[in-house]
$ cat coords39.cif   # mmCIF, C-alpha atoms
data_model
loop_
_atom_site.label_atom_id
_atom_site.label_comp_id
_atom_site.auth_asym_id
_atom_site.auth_seq_id
_atom_site.Cartn_x
_atom_site.Cartn_y
_atom_site.Cartn_z
CA MET A 1 -53.42 33.18 -52.91
CA LYS A 2 -52.80 34.52 -49.40
CA PHE A 3 -50.18 37.20 -48.91
CA PRO A 4 -47.88 36.36 -45.94
CA SER A 5 -48.14 38.80 -43.03
CA THR A 6 -44.40 38.61 -42.37
CA ILE A 7 -43.65 40.55 -45.58
CA ASP A 8 -44.59 44.20 -45.79
CA ILE A 9 -46.83 44.89 -48.79
CA ASN A 10 -44.84 48.04 -49.62
CA VAL A 11 -41.62 46.00 -49.78
CA TYR A 12 -43.29 43.58 -52.17
CA LYS A 13 -44.51 46.37 -54.43
CA ALA A 14 -41.09 48.04 -54.42
CA TYR A 15 -39.07 44.99 -55.48
CA ILE A 16 -41.42 42.95 -57.66
CA ASN A 17 -40.80 43.38 -61.38
CA THR A 18 -44.08 42.55 -63.06
CA SER A 19 -42.76 43.16 -66.56
CA SER A 20 -40.29 40.28 -66.29
CA ILE A 21 -42.95 37.74 -65.36
CA ARG A 22 -44.34 35.85 -68.33
CA GLN A 23 -48.09 35.52 -68.40
CA GLU A 24 -49.90 33.26 -70.80
CA GLN A 25 -53.14 34.48 -72.21
CA ASN A 26 -55.22 31.80 -70.53
CA GLY A 27 -52.84 31.04 -67.64
CA ILE A 28 -53.01 31.73 -63.93
CA ASN A 29 -52.04 35.19 -62.76
CA ALA A 30 -49.89 34.44 -59.71
CA ILE A 31 -49.58 38.12 -58.87
CA ASP A 32 -53.32 38.49 -58.35
CA LEU A 33 -53.64 38.12 -54.57
CA HIS A 34 -57.43 37.94 -54.78
CA TRP A 35 -57.43 34.90 -57.04
CA GLU A 36 -58.18 31.63 -55.22
CA THR A 37 -57.63 28.03 -56.25
CA THR A 38 -59.28 24.95 -54.81
CA GLU A 39 -58.00 24.38 -51.29
CA SER A 40 -55.43 21.69 -50.75
CA LEU A 41 -55.91 19.19 -47.93
CA LYS A 42 -53.27 21.01 -45.90
CA ASP A 43 -54.95 24.38 -46.36
CA LEU A 44 -58.32 22.87 -45.46
CA CYS A 45 -56.91 21.40 -42.24
CA ILE A 46 -55.28 24.67 -41.24
CA ARG A 47 -58.49 26.58 -41.90
CA ILE A 48 -60.49 24.15 -39.73
CA LEU A 49 -57.90 24.45 -36.95
CA ALA A 50 -58.16 28.25 -37.08
CA GLU A 51 -61.97 28.25 -37.06
CA ASN A 52 -62.10 25.91 -34.03
CA TRP A 53 -59.23 27.46 -32.11
CA ASN A 54 -61.41 28.63 -29.19
CA ASN A 55 -62.71 25.09 -28.65
CA GLN A 56 -59.42 23.28 -29.21
CA PRO A 57 -56.31 25.48 -29.39
CA ILE A 58 -53.61 23.56 -31.26
CA PHE A 59 -50.30 25.07 -32.32
CA SER A 60 -47.25 23.14 -31.14
CA VAL A 61 -48.33 19.96 -32.95
CA VAL A 62 -48.33 21.85 -36.27
CA ASP A 63 -44.55 21.64 -36.46
CA ALA A 64 -43.91 19.70 -39.64
CA PHE A 65 -42.90 22.86 -41.50
CA PRO A 66 -42.46 26.41 -40.21
CA GLU A 67 -44.59 27.74 -43.05
CA ASP A 68 -47.52 25.65 -41.78
CA GLN A 69 -47.33 27.33 -38.39
CA ARG A 70 -47.07 30.71 -40.07
CA GLN A 71 -50.13 29.96 -42.21
CA LEU A 72 -52.09 28.92 -39.13
CA LEU A 73 -51.14 32.13 -37.30
CA ASP A 74 -52.12 34.23 -40.30
CA SER A 75 -55.50 32.47 -40.43
CA LEU A 76 -56.37 33.18 -36.79
CA ASP A 77 -58.83 35.99 -36.13
CA VAL A 78 -57.08 37.68 -33.20
CA SER A 79 -60.13 39.80 -32.31
CA THR A 80 -62.23 36.75 -31.34
CA LEU A 81 -59.66 34.56 -29.59
CA LYS A 82 -59.20 34.08 -25.86
CA LEU A 83 -56.09 35.82 -24.60
CA ASN A 84 -55.36 33.03 -22.11
CA ASP A 85 -55.13 30.46 -24.91
CA LEU A 86 -52.90 32.69 -27.02
CA VAL A 87 -50.46 33.33 -24.17
CA THR A 88 -50.37 29.65 -23.24
CA HIS A 89 -49.80 28.21 -26.71
CA ILE A 90 -48.15 31.01 -28.73
CA GLN A 91 -45.25 32.83 -27.09
CA ALA A 92 -42.22 32.72 -29.36
CA ASP A 93 -43.73 34.23 -32.51
CA ASP A 94 -42.96 37.95 -32.41
CA GLY A 95 -44.75 38.81 -35.65
CA PHE A 96 -48.02 37.32 -34.43
CA TRP A 97 -47.99 39.38 -31.21
CA LYS A 98 -47.20 42.52 -33.17
CA ARG A 99 -50.29 41.83 -35.28
CA CYS A 100 -52.33 41.31 -32.10
CA PHE A 101 -51.11 44.62 -30.68
CA ILE A 102 -51.92 46.58 -33.84
CA ALA A 103 -55.34 44.93 -34.12
CA ARG A 104 -56.30 45.83 -30.55
CA TRP A 105 -54.77 49.32 -30.39
CA PRO A 106 -54.68 50.54 -34.01
CA ASN A 107 -54.31 54.22 -33.04
CA PHE A 108 -51.62 53.73 -30.41
CA VAL A 109 -48.25 55.07 -31.57
CA LEU A 110 -45.34 53.11 -30.13
CA THR A 111 -42.28 55.30 -30.57
CA ASN A 112 -39.59 52.91 -29.34
CA THR A 113 -39.76 49.23 -28.43
CA ASN A 114 -36.23 49.18 -26.97
CA GLY A 115 -35.73 45.66 -28.31
CA LYS A 116 -38.60 44.25 -26.24
CA LYS A 117 -40.54 41.25 -27.46
CA TRP A 118 -44.01 42.00 -28.73
CA ILE A 119 -45.69 39.58 -26.31
CA ARG A 120 -44.18 41.62 -23.47
CA ILE A 121 -45.31 44.89 -25.05
CA PHE A 122 -48.82 43.50 -25.54
CA LEU A 123 -49.23 42.14 -22.00
CA GLU A 124 -47.76 45.24 -20.36
CA LYS A 125 -50.28 47.36 -22.25
CA HIS A 126 -53.08 44.91 -21.43
CA LEU A 127 -52.23 45.00 -17.72
CA SER A 128 -52.00 48.80 -17.64
CA GLU A 129 -55.31 49.22 -19.46
CA SER A 130 -57.04 46.74 -17.16
CA LEU A 131 -55.88 48.58 -14.03
CA GLU A 132 -56.66 52.02 -15.46
CA ASN A 133 -60.25 51.04 -16.32
CA MET A 134 -60.96 49.08 -13.13
CA LYS A 135 -63.32 50.85 -10.74
CA PRO A 136 -62.52 50.52 -7.01
CA ALA A 137 -65.98 49.09 -6.32
CA ASN A 138 -65.36 46.26 -8.83
CA TYR A 139 -61.93 45.25 -7.51
CA THR A 140 -61.61 41.63 -6.34
CA THR A 141 -58.55 39.60 -5.38
CA GLU A 142 -59.70 36.70 -7.57
CA GLN A 143 -59.91 38.91 -10.65
CA MET A 144 -56.51 40.38 -9.87
CA GLN A 145 -54.97 36.92 -9.45
CA GLN A 146 -56.23 35.87 -12.88
CA LEU A 147 -54.63 38.97 -14.36
CA ILE A 148 -51.35 38.24 -12.56
CA ASP A 149 -51.25 34.61 -13.68
CA LEU A 150 -51.67 35.74 -17.26
CA CYS A 151 -49.04 38.48 -17.27
CA VAL A 152 -46.44 37.72 -14.58
CA PRO A 153 -43.81 35.89 -16.71
CA HIS A 154 -43.64 38.71 -19.26
CA VAL A 155 -44.27 42.02 -17.46
CA GLU A 156 -41.20 44.04 -16.49
CA GLU A 157 -42.74 47.52 -16.65
CA LEU A 158 -46.00 48.76 -15.15
CA LYS A 159 -47.14 52.11 -16.55
CA ILE A 160 -50.39 53.62 -15.28
CA ASN A 161 -51.43 56.99 -16.74
CA HIS A 162 -54.59 57.42 -14.66
CA LEU A 163 -56.81 55.59 -12.19
CA GLN A 164 -60.55 55.52 -11.71
CA PRO A 165 -61.70 57.80 -8.86
CA GLY A 166 -62.92 56.34 -5.61
CA THR A 167 -66.40 56.92 -4.23
CA THR A 168 -67.33 59.13 -1.31
CA ASP A 169 -67.80 56.05 0.87
CA SER A 170 -64.22 54.90 0.20
CA HIS A 171 -62.74 58.29 1.24
CA GLY A 172 -61.31 58.76 -2.24
CA ASP A 173 -59.30 55.50 -2.22
CA HIS A 174 -58.28 54.11 -5.60
CA ILE A 175 -57.81 50.44 -6.41
CA PRO A 176 -55.18 48.86 -4.09
CA LEU A 177 -51.86 48.27 -5.84
CA ASP A 178 -50.12 46.26 -3.12
CA TYR A 179 -51.31 42.87 -4.36
CA ILE A 180 -50.40 43.41 -7.99
CA LEU A 181 -46.97 44.89 -7.16
CA SER A 182 -46.13 42.14 -4.69
CA ASN A 183 -46.85 39.36 -7.18
CA LEU A 184 -45.17 40.72 -10.33
CA SER A 185 -41.86 38.97 -9.73
CA GLU A 186 -40.15 40.30 -12.88
CA LEU A 187 -41.18 43.93 -12.34
CA LYS A 188 -38.30 46.38 -12.85
CA ILE A 189 -40.00 49.69 -13.74
CA VAL A 190 -43.00 51.29 -12.00
CA ASN A 191 -44.43 54.42 -13.64
CA LEU A 192 -47.74 55.61 -12.24
CA THR A 193 -49.93 58.51 -11.24
CA TYR A 194 -53.05 58.72 -9.13
CA ASP A 195 -54.42 61.48 -11.34
CA VAL A 196 -57.89 61.16 -12.87
CA LYS A 197 -58.55 61.97 -16.53
CA SER A 198 -62.26 61.21 -16.89
CA VAL A 199 -64.30 61.82 -13.76
CA GLY A 200 -67.76 62.46 -15.16
CA LYS A 201 -70.62 62.45 -12.68
CA ASN A 202 -68.52 60.71 -10.01
CA PHE A 203 -66.56 63.87 -9.21
CA VAL A 204 -65.83 64.52 -5.55
CA LEU A 205 -63.41 67.06 -4.16
CA GLY A 206 -59.94 65.55 -4.03
CA CYS A 207 -60.76 62.50 -6.16
CA SER A 208 -57.51 62.95 -8.09
CA ASN A 209 -55.38 63.07 -4.92
CA ILE A 210 -53.57 60.12 -3.43
CA SER A 211 -55.14 59.09 -0.11
CA ASP A 212 -53.41 57.86 3.05
CA ASN A 213 -54.64 54.34 2.37
CA ASP A 214 -53.40 54.54 -1.23
CA ILE A 215 -49.86 55.39 -0.16
CA LYS A 216 -49.79 52.68 2.51
CA LEU A 217 -50.83 49.99 0.04
CA LEU A 218 -48.44 51.34 -2.60
CA THR A 219 -45.46 51.28 -0.25
CA HIS A 220 -46.32 47.76 0.95
CA GLY A 221 -46.23 46.59 -2.64
CA LEU A 222 -43.04 48.50 -3.52
CA ALA A 223 -41.23 46.96 -0.57
CA ARG A 224 -41.67 43.56 -2.21
CA CYS A 225 -40.53 44.60 -5.69
CA TYR A 226 -37.07 43.16 -5.16
CA GLU A 227 -35.87 43.73 -8.75
CA LEU A 228 -37.08 47.35 -8.98
CA GLN A 229 -34.75 49.57 -11.03
CA GLU A 230 -36.87 52.65 -11.80
CA PHE A 231 -39.65 54.31 -9.81
CA HIS A 232 -41.72 57.13 -11.34
CA LEU A 233 -44.60 58.79 -9.48
CA HIS A 234 -45.92 61.94 -11.11
CA SER A 235 -48.75 64.46 -10.81
CA SER A 236 -49.76 63.16 -7.37
CA LYS A 237 -49.64 65.48 -4.36
CA LEU A 238 -47.44 64.03 -1.62
CA ASP A 239 -47.19 65.30 1.95
CA SER A 240 -44.37 64.70 4.44
CA HIS A 241 -45.84 61.50 5.88
CA MET A 242 -46.35 60.00 2.42
CA LEU A 243 -42.78 60.78 1.40
CA GLN A 244 -41.47 59.22 4.59
CA LEU A 245 -43.35 56.00 3.82
CA LEU A 246 -42.00 56.05 0.27
CA ALA A 247 -38.44 56.46 1.51
CA ASN A 248 -38.79 53.55 3.93
CA SER A 249 -40.09 51.27 1.17
CA LEU A 250 -37.49 52.23 -1.45
CA GLU A 251 -34.25 52.69 0.47
CA LYS A 252 -33.42 48.96 0.65
CA HIS A 253 -33.67 48.41 -3.11
CA SER A 254 -30.08 47.80 -4.12
CA TYR A 255 -30.86 47.93 -7.87
CA LEU A 256 -32.85 51.19 -7.88
CA ARG A 257 -31.26 53.54 -10.45
CA THR A 258 -33.99 56.16 -10.98
CA ILE A 259 -36.31 58.08 -8.65
CA ASN A 260 -38.72 60.41 -10.44
CA LEU A 261 -41.17 62.51 -8.41
CA LEU A 262 -42.41 64.79 -11.18
CA HIS A 263 -45.03 67.45 -10.28
CA CYS A 264 -45.67 65.99 -6.80
CA ARG A 265 -45.63 69.30 -4.89
CA CYS A 266 -43.41 67.91 -2.13
CA GLY A 267 -42.01 71.22 -0.86
CA ASP A 268 -39.04 71.65 1.45
CA THR A 269 -40.77 69.88 4.34
CA GLY A 270 -41.60 66.87 2.20
CA LEU A 271 -38.05 66.61 0.86
CA SER A 272 -36.71 66.93 4.41
CA ALA A 273 -38.97 64.11 5.60
CA PHE A 274 -37.80 61.89 2.72
CA LEU A 275 -34.12 62.56 3.41
CA GLU A 276 -34.49 62.04 7.16
CA ALA A 277 -35.96 58.59 6.56
CA ILE A 278 -32.91 57.34 4.64
CA SER A 279 -29.35 56.62 5.74
CA HIS A 280 -25.95 57.19 4.15
CA ASP A 281 -26.05 53.65 2.73
CA SER A 282 -29.46 54.03 1.09
CA PHE A 283 -29.82 53.89 -2.70
CA PRO A 284 -26.32 52.59 -3.53
CA ALA A 285 -27.15 52.31 -7.26
CA LEU A 286 -29.07 55.60 -7.63
CA LYS A 287 -27.98 57.52 -10.75
CA ASN A 288 -31.02 59.58 -11.83
CA LEU A 289 -32.93 61.92 -9.51
CA ILE A 290 -35.82 63.94 -10.98
CA LEU A 291 -37.64 66.45 -8.75
CA THR A 292 -39.26 68.71 -11.33
CA ASN A 293 -41.84 71.23 -10.10
CA ASN A 294 -41.95 70.33 -6.42
CA PHE A 295 -42.05 73.81 -4.85
CA LEU A 296 -38.47 73.54 -3.58
CA SER A 297 -36.77 76.70 -2.33
CA SER A 298 -33.14 77.48 -1.55
CA GLU A 299 -33.50 75.63 1.76
CA GLY A 300 -34.60 72.48 -0.05
CA ALA A 301 -31.71 72.83 -2.51
CA LEU A 302 -29.24 72.99 0.40
CA GLN A 303 -30.63 69.75 1.83
CA LEU A 304 -30.56 68.14 -1.58
CA ALA A 305 -26.93 69.12 -2.14
CA LYS A 306 -25.91 67.48 1.14
CA ALA A 307 -27.80 64.30 0.23
CA CYS A 308 -26.22 64.09 -3.23
CA ARG A 309 -22.69 64.35 -1.88
CA ARG A 310 -20.80 61.03 -2.04
CA ARG A 311 -23.50 59.47 -4.21
CA ASN A 312 -23.15 58.40 -7.84
CA ILE A 313 -25.73 60.85 -9.22
CA GLU A 314 -25.37 61.19 -13.01
CA LYS A 315 -28.60 63.06 -13.76
CA LEU A 316 -30.18 65.72 -11.55
CA ASP A 317 -33.34 67.47 -12.76
CA ILE A 318 -34.72 70.21 -10.47
CA ARG A 319 -36.29 72.50 -13.07
CA LEU A 320 -39.37 74.58 -12.26
CA ASN A 321 -38.34 74.93 -8.61
CA PRO A 322 -37.71 78.49 -7.27
CA ILE A 323 -34.42 77.58 -5.57
CA THR A 324 -32.86 80.97 -6.52
CA SER A 325 -29.15 81.52 -6.97
CA GLU A 326 -28.44 80.61 -3.34
CA GLY A 327 -29.84 77.12 -3.75
CA ALA A 328 -28.23 76.68 -7.17
CA ALA A 329 -24.85 77.63 -5.71
CA ALA A 330 -25.18 74.79 -3.19
CA ILE A 331 -25.87 72.35 -6.03
CA PHE A 332 -22.94 73.60 -8.10
CA SER A 333 -20.63 73.30 -5.08
CA VAL A 334 -21.00 69.50 -4.96
CA LEU A 335 -20.71 68.78 -8.69
CA ASN A 336 -17.03 67.89 -8.46
CA GLU A 337 -17.84 65.28 -5.81
CA ILE A 338 -20.33 63.35 -7.95
CA PRO A 339 -20.07 61.90 -11.49
CA ILE A 340 -22.69 64.30 -12.82
CA ILE A 341 -23.46 64.07 -16.56
CA GLU A 342 -26.73 65.99 -16.90
CA LEU A 343 -27.94 68.92 -14.76
CA ASN A 344 -31.23 70.74 -15.40
CA MET A 345 -31.94 74.03 -13.60
CA ALA A 346 -34.35 75.56 -16.09
CA CYS A 347 -36.75 78.14 -14.68
CA CYS A 348 -35.30 78.15 -11.17
CA SER A 349 -35.32 81.92 -10.51
CA LEU A 350 -31.56 82.28 -11.02
CA ASP A 351 -29.95 85.70 -11.56
CA GLU A 352 -26.55 87.09 -12.50
CA THR A 353 -25.04 86.19 -9.09
CA ILE A 354 -24.93 82.53 -10.13
CA GLY A 355 -22.40 83.36 -12.86
CA PRO A 356 -19.16 82.47 -10.96
CA TYR A 357 -20.53 79.03 -10.04
CA ILE A 358 -21.47 78.28 -13.66
CA PHE A 359 -18.04 79.42 -14.82
CA LYS A 360 -16.33 77.18 -12.27
CA ALA A 361 -18.36 74.17 -13.36
CA ILE A 362 -17.53 74.80 -17.01
CA LYS A 363 -13.82 75.18 -16.27
CA GLU A 364 -13.24 72.40 -13.72
CA ASN A 365 -15.86 69.70 -14.10
CA LYS A 366 -14.71 66.79 -16.29
CA THR A 367 -17.95 64.77 -16.48
CA LEU A 368 -20.76 67.29 -17.11
CA LYS A 369 -22.07 66.89 -20.67
CA SER A 370 -25.45 68.66 -20.47
CA LEU A 371 -26.30 71.84 -18.55
CA ASN A 372 -29.70 73.53 -18.81
CA VAL A 373 -30.08 76.98 -17.20
CA SER A 374 -32.71 78.32 -19.60
CA ALA A 375 -35.56 80.63 -18.56
CA ASN A 376 -33.42 82.38 -15.92
CA HIS A 377 -32.24 86.01 -15.67
CA LEU A 378 -28.55 85.43 -16.38
CA GLY A 379 -27.75 88.55 -18.40
CA GLN A 380 -25.47 89.53 -21.25
CA LYS A 381 -22.26 89.58 -19.16
CA ILE A 382 -22.63 85.93 -18.23
CA GLY A 383 -23.16 85.11 -21.89
CA GLU A 384 -19.99 86.94 -22.91
CA GLU A 385 -17.94 85.14 -20.24
CA LEU A 386 -19.40 81.77 -21.25
CA LEU A 387 -18.40 82.44 -24.83
CA ARG A 388 -14.84 83.09 -23.67
CA ILE A 389 -14.41 79.98 -21.51
CA ILE A 390 -16.49 77.40 -23.42
CA PRO A 391 -13.62 76.53 -25.84
CA GLN A 392 -11.59 75.42 -22.81
CA ASN A 393 -14.13 72.68 -22.04
CA LYS A 394 -13.78 69.60 -24.28
CA VAL A 395 -16.49 67.55 -22.53
CA ILE A 396 -19.74 69.52 -22.49
CA GLN A 397 -22.04 68.81 -25.44
CA GLU A 398 -25.17 70.77 -24.56
CA LEU A 399 -25.60 74.16 -22.89
CA ASP A 400 -29.16 75.47 -22.94
CA ILE A 401 -29.31 79.22 -22.22
CA ARG A 402 -32.53 80.11 -24.04
CA ASN A 403 -34.71 82.90 -22.61
CA SER A 404 -31.94 83.98 -20.27
CA ASP A 405 -31.37 87.59 -21.42
CA ILE A 406 -28.42 86.55 -23.59
CA SER A 407 -28.27 87.75 -27.19
CA TYR A 408 -28.88 85.39 -30.08
CA ALA A 409 -25.43 86.07 -31.54
CA ILE A 410 -23.68 84.89 -28.36
CA LYS A 411 -25.92 81.83 -28.05
CA SER A 412 -25.20 80.89 -31.65
CA ALA A 413 -21.44 81.26 -31.11
CA ILE A 414 -21.61 79.11 -27.96
CA ASP A 415 -23.59 76.42 -29.79
CA SER A 416 -21.01 76.34 -32.59
CA SER A 417 -18.22 75.83 -30.08
CA ILE A 418 -20.09 73.05 -28.30
CA LEU A 419 -20.86 71.38 -31.63
CA GLU A 420 -17.12 70.80 -32.04
CA ASN A 421 -17.18 68.67 -28.87
CA ARG A 422 -19.99 66.53 -30.28
CA ASP A 423 -18.13 66.07 -33.57
CA ARG A 424 -14.95 65.17 -31.69
CA GLU A 425 -16.74 62.44 -29.70
CA ILE A 426 -18.30 60.99 -32.85
CA PHE A 427 -14.88 60.94 -34.51
CA GLU A 428 -13.33 59.17 -31.50
CA TRP A 429 -16.04 56.50 -31.55
CA THR A 430 -15.52 55.86 -35.25
#

$ encode --input "coords39.cif" --output "structure tokens"
Amino acid sequence: MKFPSTIDINVYKAYINTSSIRQEQNGINAIDLHWETTESLKDLCIRILAENWNNQPIFSVVDAFPEDQRQLLDSLDVSTLKLNDLVTHIQADDGFWKRCFIARWPNFVLTNTNGKKWIRIFLEKHLSESLENMKPANYTTEQMQQLIDLCVPHVEELKINHLQPGTTDSHGDHIPLDYILSNLSELKIVNLTYDVKSVGKNFVLGCSNISDNDIKLLTHGLARCYELQEFHLHSSKLDSHMLQLLANSLEKHSYLRTINLLHCRCGDTGLSAFLEAISHDSFPALKNLILTNNFLSSEGALQLAKACRRRNIEKLDIRLNPITSEGAAAIFSVLNEIPIIELNMACCSLDETIGPYIFKAIKENKTLKSLNVSANHLGQKIGEELLRIIPQNKVIQELDIRNSDISYAIKSAIDSSILENRDREIFEWT
């Protein structure tokens, strides 16, 4: 007897009542999953189909009963089958692709599928792994086209955690991404880094940096991602010229909601070059802007505040940038002009002079739900004033003031007051 893969074994053990099942002394024990009877003609046919799948993949013709298709899928050895045949003939069965994913990446922990089909999850992971392990010297357009033909109908997100380093002869260039980006017609999210995790003996100075040729090919590909909604580039050093090319390739994307340049060391000059390359009509759908750890100073914060004005920014993350209180004041001054929901200024070298601007935001802003000013030198007086005015705000649901020279008692009292706002929103939804 074969146990169906669609039923979790723990569910079976939890609900089966073995004591209520009558067993004759010399009868067949139906609960014994290791006990086998002589194969029926149907089972024999399905086993032969599974064993010869690589030579003659047949699935759609086995449609007399759904359980026959399920039995055939359970009989397939996913570790020995050709991926092209599986994608061509088996697309709708979500349970089968989940089994394929777990069999290939048993130690990979998938925290949230976000309702995605398992064939999409599998092929997105397959594409990412193929690009991450591809050496620049082995890159060919024919090989890339085969990969595109296999994945293009299902891939909406491309996530690359590292790339193989280029050789000295290639001036540190990584594999070109223009061809793959240009041909993934359903691509909506690009999340990549040019960082290197395993260099080995191929180490050369700067092998983990993005080269001029890399950025040119990347921007050429991004310009043709017409459905792009999110762009994430992290841990890759970008200079002013690179940021200008990025701005030119992204500004015409009318669906782009998120720009994330995390740990890219742009600096004030890089941010200025990016902002100069765009117009007032650029990024009409932009809602999330993440510029964490980019060496921005108060001058960069002033430029950023001007750029955010009259835009629909809902999330602004500029933590780990030494913008000081002067730069933070410029950001706070435009909050009432944008529908801001989340603002993160953790570890931005703020001091007690930023207090009045924080108080004004707490009192007047009607959209801000999350404010993070942790790891700054705010002081006890700011904490006491926050405790006094927080009850007046019925919108804010998170105020992070850890490691800011404010006593634990005041922080606890502020958290209790904010918790009432969270409970009120839950009550209104119910």

$ residues_around --input "coords39.cif" --residues "Ser325 of chain A" --least-positions-apart "6" --cutoff "8 Å" --atoms "only C-alpha atoms" --output "ChimeraX atom specification"
/A:298,349-351,353-354

$ write_last_selection --input "coords39.cif" --atoms "C-alpha atoms" --output "compact mmCIF listing (two decimals), keeping the file's coordinate frame"
# COMPACT_ATOMS: atom_id res chain seq x y z
CA SER A 298 -33.14 77.48 -1.55
CA SER A 349 -35.32 81.92 -10.51
CA LEU A 350 -31.56 82.28 -11.02
CA ASP A 351 -29.95 85.70 -11.56
CA THR A 353 -25.04 86.19 -9.09
CA ILE A 354 -24.93 82.53 -10.13

$ atom_distance --input "coords39.cif" --atom1 "atom CA of Glu352 of chain A" --atom2 "atom CA of Asn365 of chain A"
20.5 Å

$ residues_around --input "coords39.cif" --residues "segment 332-335 of chain A" --least-positions-apart "3" --cutoff "9 Å" --atoms "all atoms listed in the file" --output "list of chain:residue names"
A:Ala305, A:Lys306, A:Cys308, A:Arg309, A:Arg310, A:Gly327, A:Ala328, A:Ala329, A:Ile338, A:Pro339, A:Ile340, A:Tyr357, A:Ile358, A:Lys360, A:Ala361, A:Asn365, A:Leu368

$ resolve_selection --input "coords39.cif" --expression "the PyMOL selection byres ((chain A and resi 119-133) around 9)" --output "CSV table (one decimal) with C-alpha atoms, in the frame of the given file"
chain,number,residue,atom,x,y,z
A,87,VAL,CA,-50.5,33.3,-24.2
A,91,GLN,CA,-45.2,32.8,-27.1
A,92,ALA,CA,-42.2,32.7,-29.4
A,93,ASP,CA,-43.7,34.2,-32.5
A,94,ASP,CA,-43.0,38.0,-32.4
A,96,PHE,CA,-48.0,37.3,-34.4
A,97,TRP,CA,-48.0,39.4,-31.2
A,98,LYS,CA,-47.2,42.5,-33.2
A,100,CYS,CA,-52.3,41.3,-32.1
A,101,PHE,CA,-51.1,44.6,-30.7
A,113,THR,CA,-39.8,49.2,-28.4
A,116,LYS,CA,-38.6,44.2,-26.2
A,117,LYS,CA,-40.5,41.2,-27.5
A,118,TRP,CA,-44.0,42.0,-28.7
A,134,MET,CA,-61.0,49.1,-13.1
A,135,LYS,CA,-63.3,50.8,-10.7
A,147,LEU,CA,-54.6,39.0,-14.4
A,148,ILE,CA,-51.4,38.2,-12.6
A,150,LEU,CA,-51.7,35.7,-17.3
A,151,CYS,CA,-49.0,38.5,-17.3
A,153,PRO,CA,-43.8,35.9,-16.7
A,154,HIS,CA,-43.6,38.7,-19.3
A,155,VAL,CA,-44.3,42.0,-17.5
A,156,GLU,CA,-41.2,44.0,-16.5
A,157,GLU,CA,-42.7,47.5,-16.6
A,158,LEU,CA,-46.0,48.8,-15.2
A,159,LYS,CA,-47.1,52.1,-16.6
A,160,ILE,CA,-50.4,53.6,-15.3
A,161,ASN,CA,-51.4,57.0,-16.7
A,162,HIS,CA,-54.6,57.4,-14.7
A,163,LEU,CA,-56.8,55.6,-12.2
A,164,GLN,CA,-60.6,55.5,-11.7
A,175,ILE,CA,-57.8,50.4,-6.4

$ atom_distance --input "coords39.cif" --atom1 "atom CA of Glu314 of chain A" --atom2 "atom CA of Asn288 of chain A"
6.0 Å

$ resolve_selection --input "coords39.cif" --expression "the PyMOL selection byres ((chain A and resi 267-281) around 8)" --output "list in words"
Leu238, Asp239, Ser240, His241, Leu243, Gln244, Leu246, Ala247, Asn248, Glu251, Arg265, Cys266, Ser282, Phe283, Pro284, Asn294, Phe295, Leu296, Ser297, Glu299, Gly300, Gln303 and Ala307 of chain A

$ resolve_selection --input "coords39.cif" --expression "the PyMOL selection byres ((chain A and resi 52) around 12)" --output "ChimeraX atom specification"
/A:45-51,53-59,72,75-77,80-82
